[in-house]
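Q: Provided below: start_33.cif, containing mmCIF, C-alpha atoms.
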```
data_target
#
loop_
_atom_site.label_atom_id
_atom_site.label_comp_id
_atom_site.auth_asym_id
_atom_site.auth_seq_id
_atom_site.Cartn_x
_atom_site.Cartn_y
_atom_site.Cartn_z
CA MET A 1 87.84 146.59 39.01
CA SER A 2 89.47 143.21 38.97
CA ILE A 3 88.13 140.20 40.85
CA VAL A 4 91.16 140.11 43.13
CA THR A 5 90.87 143.79 44.07
CA TYR A 6 87.20 143.21 44.85
CA VAL A 7 88.11 140.48 47.32
CA ILE A 8 90.81 142.56 48.99
CA ASN A 9 88.61 145.59 49.45
CA VAL A 10 85.92 143.79 51.42
CA GLN A 11 88.36 143.16 54.25
CA ASP A 12 87.80 146.72 55.51
CA ASP A 13 85.37 146.70 58.44
CA GLU A 14 83.75 149.89 57.18
CA GLN A 15 82.49 147.98 54.12
CA ARG A 16 80.67 145.32 56.16
CA PRO A 17 76.93 145.84 55.59
CA THR A 18 74.81 146.93 58.54
CA GLY A 19 73.20 144.01 60.31
CA GLU A 20 75.87 141.42 59.46
CA ARG A 21 76.44 138.60 61.92
CA ALA A 22 78.71 139.30 64.86
CA ASP A 23 82.31 138.16 64.86
CA SER A 24 82.60 134.49 65.81
CA GLY A 25 85.15 135.44 68.48
CA LEU A 26 87.74 133.05 67.08
CA ALA A 27 90.35 134.81 64.94
CA GLU A 28 91.83 133.24 61.83
CA GLY A 29 95.16 132.88 63.58
CA ASP A 30 93.51 130.99 66.43
CA VAL A 31 91.71 128.62 64.07
CA THR A 32 94.85 128.06 62.02
CA SER A 33 96.86 127.33 65.15
CA LEU A 34 94.30 124.82 66.41
CA ILE A 35 94.19 123.01 63.07
CA GLY A 36 97.98 123.05 62.91
CA ALA A 37 98.24 121.63 66.41
CA ALA A 38 95.90 118.78 65.48
CA ARG A 39 97.81 118.19 62.20
CA ILE A 40 94.90 116.10 60.90
CA LEU A 41 91.55 117.54 59.79
CA PRO A 42 88.86 114.86 59.35
CA VAL A 43 86.74 115.51 56.26
CA VAL A 44 83.25 114.38 57.17
CA VAL A 45 80.42 113.43 54.81
CA LEU A 46 77.30 112.71 56.87
CA ALA A 47 74.07 111.63 55.21
CA ASP A 48 72.17 111.50 58.50
CA PRO A 49 72.64 114.30 61.05
CA ALA A 50 71.69 111.86 63.83
CA GLY A 51 75.25 110.57 63.63
CA ALA A 52 76.83 113.98 64.26
CA ARG A 53 76.84 113.94 68.05
CA PRO A 54 78.26 110.42 68.45
CA LEU A 55 80.79 111.22 65.74
CA ALA A 56 82.02 114.25 67.70
CA ASP A 57 82.34 112.07 70.79
CA ALA A 58 84.23 109.39 68.83
CA LEU A 59 86.70 111.90 67.38
CA ILE A 60 87.36 113.46 70.77
CA ALA A 61 87.87 110.02 72.29
CA GLY A 62 90.46 109.36 69.59
CA GLY A 63 92.31 112.60 70.29
CA LEU A 64 90.98 114.97 67.61
CA ARG A 65 88.94 118.07 68.33
CA THR A 66 88.68 119.55 64.84
CA ALA A 67 86.50 118.47 61.92
CA GLU A 68 85.37 119.71 58.53
CA VAL A 69 81.76 118.79 57.72
CA THR A 70 81.20 118.97 53.98
CA PHE A 71 78.23 120.36 52.11
CA ARG A 72 78.04 117.22 50.00
CA THR A 73 74.75 116.15 51.57
CA ALA A 74 71.53 117.84 52.56
CA ALA A 75 72.33 117.03 56.19
CA ALA A 76 75.41 119.28 56.32
CA ALA A 77 73.99 122.27 58.19
CA ASP A 78 72.21 120.11 60.76
CA ALA A 79 75.32 117.98 61.24
CA ILE A 80 77.47 121.10 61.76
CA ALA A 81 75.01 122.40 64.34
CA ALA A 82 74.99 119.11 66.23
CA MET A 83 78.78 118.75 66.28
CA ALA A 84 79.32 122.42 67.11
CA ALA A 85 77.09 121.97 70.15
CA ASN A 86 79.91 119.92 71.66
CA PRO A 87 82.14 122.50 73.38
CA GLY A 88 85.17 120.30 72.80
CA MET A 89 84.92 120.49 69.01
CA LEU A 90 86.13 123.09 66.52
CA VAL A 91 83.83 122.51 63.56
CA GLY A 92 84.13 123.99 60.10
CA ALA A 93 82.22 123.66 56.85
CA GLY A 94 83.76 122.09 53.77
CA THR A 95 82.94 121.88 50.07
CA VAL A 96 81.45 125.35 50.37
CA LEU A 97 80.67 126.58 46.87
CA THR A 98 78.24 129.47 47.32
CA VAL A 99 77.53 132.49 49.48
CA ASP A 100 74.29 130.86 50.61
CA GLN A 101 76.24 127.88 51.91
CA VAL A 102 78.59 130.23 53.78
CA ASP A 103 75.59 131.81 55.51
CA ARG A 104 73.99 128.47 56.32
CA ALA A 105 77.27 127.11 57.67
CA VAL A 106 77.94 130.10 59.91
CA ASP A 107 74.34 130.14 61.14
CA ALA A 108 74.78 126.47 62.07
CA GLY A 109 77.91 127.19 64.09
CA ALA A 110 80.80 126.63 61.66
CA ARG A 111 83.94 128.40 62.88
CA PHE A 112 85.81 128.21 59.57
CA VAL A 113 85.09 127.54 55.91
CA VAL A 114 86.93 125.34 53.40
CA SER A 115 86.26 125.33 49.66
CA PRO A 116 87.61 123.06 46.91
CA GLY A 117 88.71 126.01 44.78
CA PHE A 118 89.26 129.76 44.99
CA GLY A 119 85.80 131.33 44.79
CA PRO A 120 85.97 135.13 45.10
CA ALA A 121 82.36 135.43 46.28
CA VAL A 122 82.84 132.77 48.95
CA VAL A 123 86.08 134.36 50.18
CA ARG A 124 84.45 137.80 50.17
CA ARG A 125 81.48 136.61 52.22
CA CYS A 126 83.67 134.85 54.77
CA GLN A 127 85.74 138.00 55.20
CA GLN A 128 82.58 140.06 55.64
CA LEU A 129 81.57 137.71 58.44
CA SER A 130 85.09 137.54 59.94
CA VAL A 131 85.10 133.78 59.46
CA PRO A 132 88.45 132.19 58.54
CA VAL A 133 88.40 130.71 55.05
CA PHE A 134 90.78 128.21 53.47
CA PRO A 135 90.19 128.15 49.72
CA GLY A 136 91.37 125.30 47.56
CA VAL A 137 94.29 125.88 45.21
CA SER A 138 95.93 123.76 42.56
CA SER A 139 98.30 126.21 40.90
CA ALA A 140 100.64 129.14 41.48
CA THR A 141 98.03 131.47 40.01
CA GLU A 142 95.43 130.49 42.59
CA ILE A 143 97.97 130.81 45.41
CA GLN A 144 98.76 134.32 44.19
CA MET A 145 95.03 135.10 44.21
CA ALA A 146 94.82 133.88 47.81
CA LEU A 147 97.76 136.05 48.83
CA ASP A 148 96.25 139.06 47.12
CA ALA A 149 93.10 138.43 49.17
CA GLY A 150 95.15 138.46 52.37
CA LEU A 151 95.13 134.68 52.90
CA GLU A 152 98.21 132.61 53.70
CA THR A 153 96.68 129.22 54.53
CA VAL A 154 95.14 127.28 51.68
CA LYS A 155 93.78 123.85 50.91
CA PHE A 156 95.78 121.95 48.26
CA PHE A 157 93.23 119.83 46.42
CA PRO A 158 93.13 117.17 45.09
CA ALA A 159 96.57 116.57 46.54
CA GLU A 160 97.63 113.17 45.23
CA GLN A 161 96.11 113.68 41.80
CA LEU A 162 98.05 116.94 41.44
CA GLY A 163 101.43 115.43 42.25
CA GLY A 164 101.33 114.92 46.00
CA ILE A 165 103.99 116.21 48.31
CA GLY A 166 106.35 116.84 45.41
CA MET A 167 103.95 119.41 44.00
CA VAL A 168 103.42 120.97 47.43
CA ALA A 169 107.18 121.37 47.82
CA ALA A 170 107.48 122.90 44.36
CA LEU A 171 104.72 125.43 45.02
CA ALA A 172 106.00 126.22 48.51
CA ALA A 173 109.42 127.25 47.18
CA PRO A 174 108.33 130.63 45.74
CA PHE A 175 105.48 131.11 48.23
CA ARG A 176 107.40 130.85 51.49
CA SER A 177 104.71 132.37 53.72
CA VAL A 178 101.98 130.01 52.57
CA ARG A 179 100.90 126.99 54.60
CA PHE A 180 99.07 124.14 52.91
CA ILE A 181 96.35 121.71 53.98
CA PRO A 182 96.71 118.93 51.40
CA THR A 183 93.50 116.95 50.95
CA GLY A 184 92.61 114.20 48.54
CA GLY A 185 94.32 110.82 48.59
CA VAL A 186 96.08 111.42 51.91
CA ASN A 187 96.16 108.31 54.11
CA THR A 188 98.34 106.45 56.58
CA ALA A 189 100.69 105.33 53.80
CA ASN A 190 101.73 108.86 52.80
CA LEU A 191 100.92 110.77 56.00
CA ALA A 192 104.58 111.08 57.01
CA ASP A 193 105.57 112.42 53.58
CA TYR A 194 103.16 115.32 53.97
CA LEU A 195 103.51 116.14 57.65
CA SER A 196 107.30 116.13 57.57
CA ASN A 197 107.26 119.02 55.10
CA PRO A 198 107.41 122.42 56.88
CA ALA A 199 105.01 123.98 54.35
CA VAL A 200 102.23 121.61 55.42
CA LEU A 201 100.10 122.90 58.27
CA ALA A 202 97.90 119.81 58.46
CA VAL A 203 96.32 117.25 56.16
CA GLY A 204 92.68 116.65 55.40
CA GLY A 205 91.61 113.03 55.39
CA THR A 206 88.62 110.71 55.34
CA TRP A 207 90.10 107.38 56.34
CA MET A 208 89.14 107.71 60.00
CA VAL A 209 85.64 108.94 59.10
CA ALA A 210 84.97 106.77 56.04
CA PRO A 211 81.31 106.88 54.90
CA ARG A 212 80.86 103.15 55.59
CA LEU A 213 81.78 103.74 59.24
CA LEU A 214 79.44 106.68 59.59
CA ASP A 215 76.59 104.95 57.78
CA THR A 216 76.80 101.94 60.10
CA GLY A 217 77.50 103.96 63.23
CA ASP A 218 80.76 102.15 63.96
CA TRP A 219 81.96 104.80 66.40
CA ALA A 220 84.41 102.46 68.10
CA GLU A 221 86.25 102.00 64.81
CA VAL A 222 86.21 105.74 64.19
CA THR A 223 87.85 106.23 67.57
CA ARG A 224 90.41 103.49 66.92
CA LEU A 225 91.39 104.87 63.51
CA THR A 226 91.47 108.42 64.85
CA ARG A 227 93.74 107.45 67.72
CA ALA A 228 96.05 105.60 65.34
CA ALA A 229 96.18 108.64 63.05
CA VAL A 230 96.92 110.97 65.95
CA ASP A 231 99.68 108.68 67.23
CA ALA A 232 101.20 108.47 63.74
CA ALA A 233 101.13 112.26 63.37
CA ARG A 234 102.80 112.75 66.74
CA ALA A 235 105.58 110.36 65.76
CA ILE A 236 106.45 112.51 62.76
CA THR A 237 108.95 115.27 63.36
CA ALA A 238 107.03 118.52 63.42
CA PRO A 239 108.20 121.22 60.97
#
```
The structure in this file should be written as structure tokens.
A:
Amino acid sequence: MSIVTYVINVQDDEQRPTGERADSGLAEGDVTSLIGAARILPVVVLADPAGARPLADALIAGGLRTAEVTFRTAAAADAIAAMAANPGMLVGAGTVLTVDQVDRAVDAGARFVVSPGFGPAVVRRCQQLSVPVFPGVSSATEIQMALDAGLETVKFFPAEQLGGIGMVAALAAPFRSVRFIPTGGVNTANLADYLSNPAVLAVGGTWMVAPRLLDTGDWAEVTRLTRAAVDAARAITAP
């Protein structure tokens, strides 16, 4: 049995092991629509979970209600739990590399999962738990793997290093049903280039949640940068 077939097969509810976690109640289409409406997905790296609650407040004050908290620090699960406790936030887990991290993220309250590449085991586990997953892709082969697994929204990473919006447009041409979340090198200077392309659902970015701002607790600046990003996104013609 091929890897791709293995991923596809686990989508059947009858193959979900007894005792698995209950459905999160938020379907993939709902999550995708909410991320697409926001157009910007902050990619958060928090070293101290104490900053999670004020960060959620700062993002909401700036006009964003979605965030991806990455498993790049030991504080990730606690930070997800703290941010997810805010009913105004849709919080997901990023940089998810293993099944164990999927479980920890979902237990903490993550409503979606993002990974830097296409990991069959990670995708399989998310589908078992009915948690939307957006795997990273960098090539046509990986996009085809995502489609074979029943996924049509993917993370394009690292976006700028792989050719930026030009590469997104080239990949979108044969894969017309796929929506991309480019992440990596996206900022205010190239935001319009990405968001004006109809294949782009949203962009992932760190400029409004830069580590220096989170480390110093500069929530006012987070709010200011978030509001500016939201205003810029709204000014761009939606696809």
Q: Write out as a ChimeraX atom specification each polymer residue whose atoms come within 7 Å of Pro158 (chain A), counting only C-alpha atoms; drop sequence neighbours fewer than 2 positions from it.
A: /A:156,160-162,183-184
Q: Just the residues within 9 Å of Val31 (chain A), please, counting all atoms listed in the file, with nothing from its chain fewer than 6 positions along; format it as a ChimeraX atom specification.
A: /A:90,111-112,132
Q: Give the answer as one residue: which of A:Ile181, A:Leu191, A:Leu34, A:Leu64 has the shortest atom-to-atom distance to Thr153 (chain A), using only C-alpha atoms?
A: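 Of A:Ile181, A:Leu191, A:Leu34, A:Leu64, the one nearest Thr153 (chain A), counting only C-alpha atoms, is A:Ile181.
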Q: If you count only C-alpha atoms, which residues fall within 12 Å of region 214-216 of chain A, apart from same-chain ones fewer than 3 positions away, as a list in words?
A: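 That gives Val43, Val44, Val45, Leu46, Ala47, Asp48, Pro49, Ala50, Gly51, Ala52, Arg53, Pro54, Leu55, Ala56, Ala58, Leu59, Thr206, Trp207, Met208, Val209, Ala210, Pro211, Trp219, Ala220, Glu221, Val222 and Thr223 of chain A.
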Q: Using only C-alpha atoms, find the one residue out of A:Asp100, A:Thr188, A:Pro116, A:Ser138 that sits nearest to Ala228 (chain A).
A: A:Thr188
Q: Considering all atoms listed in the file, state which residue in the set A:Ala202, A:Ala169, A:Ile40, A:Val96 is at the smallest distance from Pro135 (chain A).
A: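 That would be A:Val96, the residue with the smallest distance to Pro135 (chain A).
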